[in-house]
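Below is target23.cif, which holds mmCIF, C-alpha atoms and all ligand atoms.
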data_final
#
loop_
_atom_site.label_atom_id
_atom_site.label_comp_id
_atom_site.auth_asym_id
_atom_site.auth_seq_id
_atom_site.Cartn_x
_atom_site.Cartn_y
_atom_site.Cartn_z
CA MET A 1 88.82 -79.89 137.38
CA LEU A 2 87.18 -80.13 133.93
CA LYS A 3 89.69 -79.56 131.12
CA VAL A 4 88.43 -77.41 128.23
CA ILE A 5 89.58 -76.11 124.89
CA LEU A 6 89.04 -72.57 123.70
CA ALA A 7 88.15 -72.74 119.98
CA LEU A 8 88.24 -69.78 117.56
CA GLU A 9 86.61 -69.46 114.14
CA SER A 10 87.11 -66.59 111.67
CA THR A 11 87.30 -68.21 108.24
CA CYS A 12 84.78 -66.01 106.45
CA ASP A 13 82.46 -63.39 107.94
CA GLU A 14 81.61 -64.76 111.39
CA THR A 15 83.86 -64.16 114.38
CA ALA A 16 83.23 -66.98 116.82
CA ALA A 17 84.65 -68.50 119.98
CA ALA A 18 83.57 -71.45 122.10
CA VAL A 19 84.68 -73.28 125.22
CA ILE A 20 84.18 -77.04 124.99
CA GLY A 21 84.80 -79.47 127.84
CA GLU A 22 86.58 -82.80 127.42
CA ASP A 23 83.23 -84.45 128.19
CA GLY A 24 81.73 -82.70 125.12
CA SER A 25 79.87 -80.07 127.13
CA ILE A 26 79.56 -76.64 125.53
CA LEU A 27 80.32 -74.18 128.31
CA GLY A 28 80.17 -71.03 126.21
CA SER A 29 79.71 -70.04 122.57
CA CYS A 30 79.50 -66.63 120.88
CA VAL A 31 79.16 -65.70 117.21
CA ALA A 32 79.46 -62.13 115.93
CA GLY A 33 78.16 -61.73 112.37
CA GLN A 34 79.01 -58.98 109.88
CA GLU A 35 76.00 -59.18 107.55
CA GLU A 36 75.19 -55.46 107.61
CA LEU A 37 78.77 -54.54 106.62
CA HIS A 38 78.58 -56.59 103.42
CA GLN A 39 74.94 -55.97 102.49
CA ALA A 40 75.64 -52.95 100.24
CA PHE A 41 78.03 -55.13 98.19
CA GLU A 42 75.67 -58.14 97.98
CA GLY A 43 78.54 -60.45 98.99
CA VAL A 44 81.40 -60.75 101.46
CA VAL A 45 84.20 -58.21 100.85
CA PRO A 46 87.41 -59.88 102.11
CA GLU A 47 89.18 -56.73 103.33
CA ILE A 48 86.09 -55.52 105.20
CA ALA A 49 85.67 -58.99 106.72
CA ALA A 50 89.27 -59.08 107.99
CA ARG A 51 89.01 -55.62 109.56
CA ALA A 52 85.73 -56.52 111.26
CA HIS A 53 87.28 -59.73 112.67
CA LEU A 54 90.10 -57.62 114.08
CA GLU A 55 87.60 -55.45 115.95
CA SER A 56 85.45 -58.34 117.19
CA ILE A 57 87.84 -61.14 118.04
CA LEU A 58 88.97 -60.05 121.51
CA PRO A 59 85.49 -58.95 122.70
CA VAL A 60 84.05 -62.26 121.40
CA ILE A 61 86.73 -64.30 123.22
CA ASP A 62 86.16 -62.26 126.36
CA ARG A 63 82.37 -62.77 126.26
CA THR A 64 82.78 -66.50 125.64
CA LEU A 65 85.19 -66.96 128.57
CA ARG A 66 82.87 -65.01 130.88
CA LYS A 67 79.90 -67.13 129.81
CA ALA A 68 81.89 -70.32 130.38
CA GLY A 69 83.06 -69.14 133.80
CA ILE A 70 86.32 -71.09 133.61
CA GLU A 71 89.84 -70.51 134.93
CA VAL A 72 92.79 -70.23 132.53
CA GLN A 73 94.34 -73.32 134.20
CA GLN A 74 91.46 -75.40 132.84
CA ILE A 75 92.39 -74.66 129.22
CA ALA A 76 94.15 -77.67 127.66
CA ALA A 77 94.71 -76.03 124.26
CA ILE A 78 93.70 -73.17 121.98
CA ALA A 79 92.07 -74.43 118.77
CA VAL A 80 91.67 -72.29 115.66
CA ALA A 81 90.35 -72.82 112.14
CA THR A 82 93.30 -72.27 109.80
CA GLN A 83 91.86 -73.59 106.51
CA PRO A 84 90.17 -73.07 104.11
CA GLY A 85 88.86 -69.50 104.06
CA LEU A 86 89.65 -65.88 103.29
CA PRO A 87 93.37 -65.24 103.95
CA GLY A 88 92.92 -62.02 105.95
CA SER A 89 90.06 -63.46 108.01
CA LEU A 90 91.99 -66.66 108.80
CA LEU A 91 95.05 -64.65 109.83
CA VAL A 92 93.11 -62.69 112.45
CA GLY A 93 91.94 -65.89 114.16
CA LEU A 94 95.34 -67.56 113.95
CA CYS A 95 97.21 -64.52 115.29
CA ALA A 96 94.75 -64.20 118.18
CA ALA A 97 95.18 -67.91 118.97
CA LYS A 98 98.97 -67.70 118.84
CA GLY A 99 98.92 -64.64 121.10
CA LEU A 100 96.84 -66.49 123.70
CA CYS A 101 99.09 -69.57 123.44
CA ILE A 102 102.13 -67.43 124.21
CA ALA A 103 100.45 -65.39 126.95
CA TRP A 104 98.98 -68.42 128.73
CA ASN A 105 101.61 -70.99 127.75
CA LYS A 106 99.09 -73.26 126.02
CA PRO A 107 99.50 -75.53 122.98
CA LEU A 108 97.97 -74.65 119.60
CA VAL A 109 95.71 -76.94 117.57
CA ALA A 110 94.78 -76.18 113.96
CA VAL A 111 91.29 -77.09 112.79
CA ASN A 112 90.17 -77.64 109.20
CA HIS A 113 86.92 -75.67 108.86
CA ILE A 114 85.39 -78.01 106.27
CA HIS A 115 86.13 -81.13 108.30
CA ALA A 116 84.74 -79.39 111.38
CA HIS A 117 81.43 -78.74 109.55
CA VAL A 118 81.11 -82.53 109.14
CA TYR A 119 82.39 -83.28 112.66
CA ALA A 120 79.57 -81.06 114.00
CA CYS A 121 77.14 -83.81 112.95
CA GLY A 122 78.53 -86.08 115.66
CA LEU A 123 78.37 -83.61 118.55
CA GLY A 124 76.07 -84.85 121.29
CA ARG A 125 75.89 -88.37 119.80
CA PRO A 126 77.20 -91.36 121.74
CA ASP A 127 78.80 -93.14 118.74
CA SER A 128 81.40 -92.02 116.23
CA ILE A 129 80.08 -90.81 112.86
CA PHE A 130 83.07 -92.36 111.02
CA PRO A 131 83.35 -93.90 108.49
CA CYS A 132 80.92 -91.82 106.47
CA ILE A 133 80.40 -89.63 103.45
CA GLY A 134 81.01 -86.05 104.60
CA PHE A 135 78.92 -83.52 102.70
CA VAL A 136 79.65 -79.83 103.24
CA VAL A 137 77.08 -77.50 101.69
CA SER A 138 77.84 -73.90 102.56
CA GLY A 139 78.33 -70.44 101.11
CA GLY A 140 81.87 -71.28 100.04
CA HIS A 141 81.81 -75.06 99.50
CA THR A 142 79.70 -77.86 98.10
CA HIS A 143 81.94 -80.87 98.54
CA LEU A 144 81.65 -84.61 99.08
CA TYR A 145 84.32 -86.50 101.02
CA ARG A 146 84.99 -90.07 101.91
CA CYS A 147 85.81 -89.82 105.63
CA GLU A 148 87.38 -92.91 107.14
CA ALA A 149 88.26 -91.19 110.42
CA PHE A 150 88.46 -87.63 111.79
CA ASP A 151 91.98 -87.35 110.30
CA HIS A 152 91.47 -89.25 107.04
CA TRP A 153 89.59 -87.39 104.31
CA ASP A 154 89.47 -87.91 100.54
CA LEU A 155 87.71 -85.37 98.38
CA LEU A 156 85.31 -87.23 96.07
CA GLY A 157 84.13 -84.16 94.19
CA GLY A 158 82.70 -80.72 94.54
CA THR A 159 81.36 -77.73 92.71
CA ILE A 160 83.08 -76.64 89.53
CA ASP A 161 81.78 -73.07 89.87
CA ASP A 162 79.47 -71.61 92.55
CA ALA A 163 78.80 -73.21 95.91
CA ALA A 164 75.14 -74.00 96.66
CA GLY A 165 74.87 -71.29 99.33
CA GLU A 166 76.45 -68.76 96.98
CA ALA A 167 73.85 -69.64 94.32
CA PHE A 168 71.06 -69.24 96.91
CA ASP A 169 72.43 -65.82 97.87
CA LYS A 170 72.84 -64.64 94.26
CA VAL A 171 69.36 -65.74 93.18
CA ALA A 172 68.02 -64.15 96.36
CA VAL A 173 69.51 -60.82 95.20
CA MET A 174 67.66 -61.22 91.85
CA LEU A 175 64.47 -61.76 93.83
CA GLY A 176 65.07 -58.64 95.90
CA PHE A 177 66.19 -60.15 99.23
CA PRO A 178 68.97 -58.46 101.22
CA PHE A 179 72.31 -60.36 101.49
CA PRO A 180 72.71 -63.14 102.58
CA GLY A 181 69.32 -64.07 101.18
CA GLY A 182 69.53 -67.90 101.33
CA PRO A 183 67.49 -68.34 104.52
CA ARG A 184 64.96 -65.68 103.45
CA LEU A 185 64.51 -67.28 100.04
CA ALA A 186 64.02 -70.65 101.76
CA LYS A 187 61.33 -69.16 104.02
CA LEU A 188 59.39 -67.69 101.08
CA ALA A 189 59.76 -70.96 99.15
CA GLU A 190 57.47 -72.59 101.74
CA SER A 191 54.50 -70.82 100.13
CA GLY A 192 55.63 -71.39 96.53
CA ASN A 193 55.07 -74.07 93.90
CA GLU A 194 58.23 -76.08 93.20
CA ARG A 195 57.01 -76.91 89.69
CA ALA A 196 55.96 -73.39 88.64
CA PHE A 197 59.20 -72.78 86.72
CA SER A 198 61.10 -75.35 84.71
CA LEU A 199 64.78 -75.11 85.65
CA PRO A 200 67.80 -77.29 84.77
CA ARG A 201 69.50 -79.78 87.13
CA PRO A 202 73.11 -79.43 85.89
CA LEU A 203 75.28 -82.61 85.79
CA LEU A 204 72.53 -84.64 87.48
CA ASP A 205 72.16 -87.11 84.60
CA ASP A 206 75.76 -88.37 84.99
CA PRO A 207 76.03 -90.20 88.35
CA SER A 208 79.68 -91.08 87.68
CA ARG A 209 80.60 -87.40 88.09
CA LEU A 210 80.42 -86.34 91.74
CA GLU A 211 80.47 -82.69 90.78
CA PHE A 212 78.07 -79.78 90.99
CA SER A 213 77.52 -76.72 88.82
CA PHE A 214 75.13 -73.95 89.85
CA SER A 215 76.26 -71.18 87.55
CA GLY A 216 74.01 -72.18 84.63
CA LEU A 217 71.07 -72.65 86.99
CA LYS A 218 71.51 -69.05 88.16
CA THR A 219 71.53 -67.86 84.56
CA ALA A 220 68.38 -69.89 83.84
CA VAL A 221 66.64 -68.10 86.72
CA ARG A 222 67.77 -64.74 85.34
CA TYR A 223 66.45 -65.56 81.84
CA GLN A 224 63.08 -66.66 83.21
CA LEU A 225 62.78 -63.49 85.25
CA VAL A 226 63.97 -60.78 82.84
CA GLY A 227 64.28 -62.53 79.48
CA LYS A 228 67.18 -64.03 77.55
CA GLY A 229 70.24 -61.81 77.23
CA LYS A 230 68.77 -59.09 79.44
CA GLN A 231 70.37 -57.90 82.66
CA ASP A 232 68.03 -55.22 83.93
CA PHE A 233 66.15 -56.06 87.11
CA SER A 234 65.06 -52.46 87.75
CA THR A 235 61.92 -52.84 85.62
CA LEU A 236 61.10 -56.29 87.01
CA HIS A 237 57.78 -56.46 88.82
CA LEU A 238 57.17 -59.84 90.39
CA ASP A 239 54.06 -60.34 92.43
CA GLU A 240 54.59 -62.10 95.76
CA GLN A 241 53.21 -65.45 94.53
CA ARG A 242 55.56 -65.57 91.52
CA ARG A 243 58.45 -64.60 93.80
CA ALA A 244 57.52 -67.48 96.09
CA ASP A 245 57.12 -69.82 93.09
CA MET A 246 60.56 -68.94 91.73
CA SER A 247 62.07 -69.35 95.23
CA ALA A 248 60.49 -72.81 95.54
CA SER A 249 61.41 -73.88 91.98
CA PHE A 250 65.02 -72.73 92.33
CA GLN A 251 65.39 -74.28 95.78
CA ARG A 252 64.03 -77.60 94.48
CA ALA A 253 66.45 -77.60 91.52
CA VAL A 254 69.43 -77.07 93.87
CA ILE A 255 68.17 -79.73 96.28
CA ASP A 256 67.62 -82.27 93.48
CA CYS A 257 71.28 -81.82 92.46
CA LEU A 258 72.51 -82.08 96.07
CA VAL A 259 70.42 -85.17 96.82
CA GLY A 260 71.24 -86.87 93.49
CA LYS A 261 74.99 -86.54 93.97
CA ALA A 262 74.85 -87.46 97.67
CA ILE A 263 73.09 -90.71 96.78
CA ALA A 264 75.53 -91.35 93.92
CA ALA A 265 78.46 -90.89 96.36
CA MET A 266 76.91 -93.37 98.81
CA LYS A 267 76.36 -95.93 96.03
CA GLN A 268 79.86 -95.46 94.59
CA THR A 269 81.65 -95.81 97.92
CA ARG A 270 79.21 -98.31 99.46
CA LEU A 271 79.22 -96.19 102.61
CA ASN A 272 75.77 -96.17 104.12
CA ARG A 273 76.13 -93.15 106.40
CA ILE A 274 76.22 -89.54 105.22
CA CYS A 275 76.91 -86.55 107.49
CA ILE A 276 75.83 -83.14 106.26
CA GLY A 277 76.99 -79.76 107.54
CA GLY A 278 77.40 -76.15 106.39
CA GLY A 279 74.87 -73.32 106.17
CA VAL A 280 72.64 -74.86 103.48
CA ALA A 281 72.28 -78.00 105.61
CA ALA A 282 69.99 -75.87 107.81
CA ASN A 283 67.49 -75.83 104.91
CA GLN A 284 64.41 -77.77 106.06
CA ARG A 285 63.31 -78.92 102.59
CA PHE A 286 66.83 -80.23 101.88
CA ARG A 287 66.85 -82.11 105.18
CA GLU A 288 63.45 -83.63 104.40
CA LEU A 289 64.24 -84.72 100.81
CA LEU A 290 67.73 -86.07 101.55
CA ASN A 291 66.40 -87.98 104.57
CA GLN A 292 63.74 -89.59 102.34
CA SER A 293 66.21 -90.63 99.62
CA VAL A 294 68.81 -91.97 102.07
CA ALA A 295 66.11 -93.93 103.93
CA LYS A 296 65.02 -95.50 100.60
CA LEU A 297 68.61 -96.65 100.15
CA GLY A 298 68.60 -98.16 103.64
CA GLY A 299 71.24 -95.68 104.80
CA GLU A 300 71.54 -93.12 107.54
CA ALA A 301 71.64 -89.32 107.07
CA ILE A 302 72.99 -87.33 110.00
CA PHE A 303 72.61 -83.55 109.79
CA ALA A 304 74.38 -81.11 112.08
CA SER A 305 71.83 -79.48 114.37
CA PRO A 306 70.48 -76.34 112.62
CA GLU A 307 72.32 -73.92 114.95
CA LEU A 308 75.60 -75.71 114.25
CA CYS A 309 75.16 -75.71 110.44
CA THR A 310 76.19 -72.09 109.93
CA ASP A 311 79.66 -70.99 111.01
CA ASN A 312 80.39 -71.34 114.73
CA ALA A 313 83.32 -72.28 116.95
CA VAL A 314 81.61 -75.18 118.73
CA MET A 315 82.54 -77.42 115.81
CA GLY A 316 86.15 -76.74 116.83
CA ALA A 317 85.39 -79.51 119.38
CA MET A 318 87.09 -81.64 116.75
CA ALA A 319 90.38 -80.38 118.20
CA TRP A 320 89.80 -82.64 121.23
CA GLU A 321 90.68 -85.61 118.97
CA LYS A 322 94.20 -84.19 118.62
CA VAL A 323 94.52 -82.82 122.16
CA ARG A 324 93.76 -86.29 123.61
CA VAL A 325 96.80 -87.75 121.81
CA HIS A 326 98.97 -84.66 122.43
CA GLU A 327 99.15 -83.82 118.74
CA PHE A 328 99.77 -80.08 118.69
CA ASP A 329 100.75 -77.57 116.03
CA SER A 330 103.76 -75.30 115.87
CA LEU A 331 103.45 -71.59 116.60
CA GLU A 332 105.14 -71.13 113.20
CA LEU A 333 101.99 -72.47 111.51
CA ASP A 334 100.55 -70.36 108.69
CA VAL A 335 97.02 -70.22 107.26
CA THR A 336 96.01 -72.36 104.24
CA PRO A 337 93.26 -70.44 102.39
CA GLY A 338 92.73 -73.04 99.60
CA LEU A 339 91.01 -76.41 99.70
CA VAL A 340 93.25 -79.45 100.27
CA ARG A 341 92.06 -82.55 98.39
CA THR A 342 93.37 -85.37 100.60
CA VAL A 343 94.20 -85.22 104.27
CA ARG A 344 95.73 -88.14 106.17
CA THR A 345 97.52 -87.06 109.30
CA ARG A 346 98.15 -90.64 110.38
CA ALA A 347 98.78 -93.81 108.36
O1 LIG B 1 78.49 -72.47 106.57
P1 LIG B 1 78.15 -71.02 106.39
O2 LIG B 1 77.68 -70.25 107.61
O3 LIG B 1 79.37 -70.21 105.85
C1 LIG B 1 80.31 -70.73 104.97
O4 LIG B 1 81.25 -71.43 105.44
O5 LIG B 1 80.12 -70.47 103.77
O6 LIG B 1 77.06 -70.95 105.23
C2 LIG B 1 76.44 -69.74 104.85
C3 LIG B 1 75.58 -70.00 103.64
C4 LIG B 1 75.01 -68.73 103.01
O7 LIG B 1 75.19 -68.80 101.62
C5 LIG B 1 73.53 -68.81 103.39
O8 LIG B 1 72.68 -68.16 102.46
C6 LIG B 1 73.30 -70.31 103.38
O9 LIG B 1 74.48 -70.84 103.97
N1 LIG B 1 72.12 -70.70 104.15
C7 LIG B 1 71.00 -71.26 103.62
C8 LIG B 1 70.10 -71.47 104.68
N2 LIG B 1 70.69 -71.04 105.84
C9 LIG B 1 71.94 -70.58 105.49
N3 LIG B 1 70.70 -71.57 102.35
C10 LIG B 1 69.50 -72.13 102.12
N4 LIG B 1 68.59 -72.37 103.07
C11 LIG B 1 68.83 -72.05 104.36
N5 LIG B 1 67.92 -72.30 105.31
ZN ZN B 2 81.49 -72.70 106.97
#
Just dump the structure as structure tokens.
Amino acid sequence: MLKVILALESTCDETAAAVIGEDGSILGSCVAGQEELHQAFEGVVPEIAARAHLESILPVIDRTLRKAGIEVQQIAAIAVATQPGLPGSLLVGLCAAKGLCIAWNKPLVAVNHIHAHVYACGLGRPDSIFPCIGFVVSGGHTHLYRCEAFDHWDLLGGTIDDAAGEAFDKVAVMLGFPFPGGPRLAKLAESGNERAFSLPRPLLDDPSRLEFSFSGLKTAVRYQLVGKGKQDFSTLHLDEQRRADMSASFQRAVIDCLVGKAIAAMKQTRLNRICIGGGVAANQRFRELLNQSVAKLGGEAIFASPELCTDNAVMGAMAWEKVRVHEFDSLELDVTPGLVRTVRTRA
């Protein structure tokens, strides 16, 4: 009888569940998004997100279990992402997981969402991805880690203001795309000229700082579109080619920063493998340019498969690492919404 884990994910605005076998097989996976609920606000509203998770979580779990066609006896543990994320959203997932643990008498395993984004890079590969640089580029995070093992992470640096995905989404709003506009902006960028607009690459000239800053880049886009000091986009008329050109120029500026710091992290740590996950890692141009630069360095870049870049519960497969050694969490566990800099669960 194949043992499986049921993994839950509700850190931000996706409610997801997955059933993953001990052999790595994905027996079922469902993701319920909430995009239309947040569109009017041009960003995720935490209270709305938590309420939507509450409505979706049981139907999503139910659908996933039906898809997987498993018996409750097969479940070795219930895994749930407990950090980092929006407090209300995290609580819904954790409470659902605890409820199932009590009802079915199963152990609980907490998953770190950021680590899981990196772990997703190794799914379906025969060899371990560790040690590596872990690079999470999402709507909430742009962070570089030194990862010695699945339970040994040191934060090397991250964004000091916006995350890359957040900057994509905010510039997309300026360009008239509905939220979340990152993927739509990326699509239009394919027909634009990356050099049409001259935009800054913040912090790129100092390789000793493994940090990112996208706030000033966003402002630079605004100034080039509506003029310095002006806020009003209502009178802005951009023809489709200029919209594509700005999309391409902005995207290239973000990618240059991401690639520059990724390479700097590899040089600084002398690690020659980098694993990249998170929503922005689905960006084709980013994948292409980082692959080129890492190859020049003689290193290896491993991206999560595009469908596992954005939030999902399959990456909760990481919990198997703990289940195998019977390392479970207490039902008294609480959520940890903030980012933890260093994690070493074993010496
Ligand atoms: O990892 P994710 O699903 O959620 C977080 O944990 O934040 O990432 C979502 C982010 C959004 O900001 C979205 O616009 C961005 O990833 N994103 C992209 C692309 N696909 C998703 N940004 C640029 N290019 C893409 N192809
Ligand atoms: Zn994420």
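A distance cut-off of 6 Å around (91.5, -60.6, 117.0), counting only C-alpha atoms, selects these protein and nucleic acid residues: Leu54, Ile57, Leu58, Val92 and Ala96 of chain A.
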Problem set entry | Exercise: range 287-297 of chain A partners within 10 Å, all atoms listed in the file, chain neighbours under 6 positions left out, as a list in words |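 Using all atoms listed in the file, the neighbours found are Arg252, Ile255, Asp256, Leu258, Val259, Gly260, Ala262, Ile263, Met266, Lys267, Asn272, Arg273, Ile274, Ile276, Val280, Ala281 and Phe303 of chain A.
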Problem set entry | Top pick for closest residue to Cys309 in chain A, considering A:Asn283, A:Thr336, A:Thr82, A:Ser215 and counting all atoms listed in the file |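 With all atoms listed in the file as the atom set, the closest residue is A:Asn283.
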Exercise. Which residues come within 8 Å of Asp162 in chain A, counting only C-alpha atoms, excluding same-chain residues fewer than 2 positions away, as a PyMOL selection string?
Worked result: chain A and resi 140+159-160+164+166-167+213-215
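As for CA of Gly182 in chain A and CA of Val340 in chain A, they are spaced 26.4 Å apart.
Distances from A:Val343, A:Ala32, A:Val323, A:Leu100 to ligand LIG 1 (chain B) were compared using all atoms listed in the file, and the smallest one belongs to A:Ala32.
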Exercise. Can I get the residues close to ligand ZN 2 (chain B) as a PyMOL selection string, where close means within 9 Å and we count all atoms listed in the file?
Worked result: chain A and resi 11-12+85+113-114+116-117+136-141+277-279+309-312
Exercise. So what do you get for CA of Pro126 in chain A versus CA of Gly299 in chain A, distance-wise?
Worked result: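 Between CA of Pro126 in chain A and CA of Gly299 in chain A the gap is 18.5 Å.
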Problem set entry | Closest of A:Ser29, A:Thr269, A:Ser10, A:Ser249 to Leu308 in chain A - atom-to-atom distances counting all atoms listed in the file |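 Smallest distance to Leu308 in chain A is found for A:Ser29.
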Exercise. At what distance in Å, to one decimal, does CA of Val221 in chain A lie from CA of Thr235 in chain A?
Worked result: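 About the pair CA of Thr235 in chain A and CA of Val221 in chain A: they are 16.0 Å apart.
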So which residues are close to (96.0, -64.4, 119.3), meaning at most 12 Å away in the file's coordinates with all atoms listed in the file counted, and can you show them as a JSON list (two decimals) with C-alpha atoms, in the frame of the given file?
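Generated output (out23.json):
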[["chain", "number", "residue", "atom", "x", "y", "z"],
["A", 6, "LEU", "CA", 89.04, -72.57, 123.70],
["A", 7, "ALA", "CA", 88.15, -72.74, 119.98],
["A", 8, "LEU", "CA", 88.24, -69.78, 117.56],
["A", 9, "GLU", "CA", 86.61, -69.46, 114.14],
["A", 10, "SER", "CA", 87.11, -66.59, 111.67],
["A", 53, "HIS", "CA", 87.28, -59.73, 112.67],
["A", 54, "LEU", "CA", 90.10, -57.62, 114.08],
["A", 57, "ILE", "CA", 87.84, -61.14, 118.04],
["A", 58, "LEU", "CA", 88.97, -60.05, 121.51],
["A", 61, "ILE", "CA", 86.73, -64.30, 123.22],
["A", 78, "ILE", "CA", 93.70, -73.17, 121.98],
["A", 79, "ALA", "CA", 92.07, -74.43, 118.77],
["A", 80, "VAL", "CA", 91.67, -72.29, 115.66],
["A", 90, "LEU", "CA", 91.99, -66.66, 108.80],
["A", 91, "LEU", "CA", 95.05, -64.65, 109.83],
["A", 92, "VAL", "CA", 93.11, -62.69, 112.45],
["A", 93, "GLY", "CA", 91.94, -65.89, 114.16],
["A", 94, "LEU", "CA", 95.34, -67.56, 113.95],
["A", 95, "CYS", "CA", 97.21, -64.52, 115.29],
["A", 96, "ALA", "CA", 94.75, -64.20, 118.18],
["A", 97, "ALA", "CA", 95.18, -67.91, 118.97],
["A", 98, "LYS", "CA", 98.97, -67.70, 118.84],
["A", 99, "GLY", "CA", 98.92, -64.64, 121.10],
["A", 100, "LEU", "CA", 96.84, -66.49, 123.70],
["A", 101, "CYS", "CA", 99.09, -69.57, 123.44],
["A", 102, "ILE", "CA", 102.13, -67.43, 124.21],
["A", 103, "ALA", "CA", 100.45, -65.39, 126.95],
["A", 104, "TRP", "CA", 98.98, -68.42, 128.73],
["A", 106, "LYS", "CA", 99.09, -73.26, 126.02],
["A", 108, "LEU", "CA", 97.97, -74.65, 119.60],
["A", 331, "LEU", "CA", 103.45, -71.59, 116.60]]
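Of the listed residues (A:Arg125, A:Arg66, A:Lys187, A:Arg201), A:Lys187 comes nearest to ligand LIG 1 (chain B); the distances count only C-alpha atoms and all ligand atoms.
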Problem set entry | Which of A:Asp206, A:Glu321, A:Glu14, A:Glu42 sits closest to Pro178 in chain A [using only C-alpha atoms] | A:Glu42
Exercise. Closest to ligand LIG 1 (chain B) among A:Gly157, A:Pro306, A:Gly176, A:Gly24, using only C-alpha atoms and all ligand atoms?
Worked result: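 Nearest to ligand LIG 1 (chain B): A:Pro306.
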For this session: May I have the residues within 12 Å of Asp154 in chain A as a list in words, using all atoms listed in the file and disregarding those fewer than 5 positions away in the same chain?
Result: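 The neighbour list is His115, Pro131, Cys132, Ile133, Gly134, Phe135, His143, Leu144, Tyr145, Arg146, Cys147, Glu148, Ala149, Thr269, Leu339, Val340, Arg341, Thr342, Val343, Arg344 and Thr345 of chain A.
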Put those residues in a file: C-alpha atoms, as a compact mmCIF listing (two decimals), in the frame of the given file.
# COMPACT_ATOMS: atom_id res chain seq x y z
CA HIS A 115 86.13 -81.13 108.30
CA PRO A 131 83.35 -93.90 108.49
CA CYS A 132 80.92 -91.82 106.47
CA ILE A 133 80.40 -89.63 103.45
CA GLY A 134 81.01 -86.05 104.60
CA PHE A 135 78.92 -83.52 102.70
CA HIS A 143 81.94 -80.87 98.54
CA LEU A 144 81.65 -84.61 99.08
CA TYR A 145 84.32 -86.50 101.02
CA ARG A 146 84.99 -90.07 101.91
CA CYS A 147 85.81 -89.82 105.63
CA GLU A 148 87.38 -92.91 107.14
CA ALA A 149 88.26 -91.19 110.42
CA THR A 269 81.65 -95.81 97.92
CA LEU A 339 91.01 -76.41 99.70
CA VAL A 340 93.25 -79.45 100.27
CA ARG A 341 92.06 -82.55 98.39
CA THR A 342 93.37 -85.37 100.60
CA VAL A 343 94.20 -85.22 104.27
CA ARG A 344 95.73 -88.14 106.17
CA THR A 345 97.52 -87.06 109.30
For this session: Would you list the contacts of Met246 in chain A as a PyMOL selection string, taking every protein, DNA or RNA residue within 9 Å and counting all atoms listed in the file, but skipping same-chain residues closer than 6 positions in sequence?
Result: chain A and resi 175+189+192-197+221+225
Keeping only C-alpha atoms, write the selected residues as a JSON list (two decimals), keeping the file's coordinate frame.
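result-v7.json was written with the following content:
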[["chain", "number", "residue", "atom", "x", "y", "z"],
["A", 175, "LEU", "CA", 64.47, -61.76, 93.83],
["A", 189, "ALA", "CA", 59.76, -70.96, 99.15],
["A", 192, "GLY", "CA", 55.63, -71.39, 96.53],
["A", 193, "ASN", "CA", 55.07, -74.07, 93.90],
["A", 194, "GLU", "CA", 58.23, -76.08, 93.20],
["A", 195, "ARG", "CA", 57.01, -76.91, 89.69],
["A", 196, "ALA", "CA", 55.96, -73.39, 88.64],
["A", 197, "PHE", "CA", 59.20, -72.78, 86.72],
["A", 221, "VAL", "CA", 66.64, -68.10, 86.72],
["A", 225, "LEU", "CA", 62.78, -63.49, 85.25]]
Enclose all atoms of ligand LIG 1 (chain B) listed in the file in an axis-aligned box, grow every side by 8 Å, and hand back centre and edge lengths in Å to one decimal, as lines of an AutoDock Vina configuration file.
center_x = 74.6
center_y = -70.3
center_z = 104.6
size_x = 29.3
size_y = 20.3
size_z = 22.0
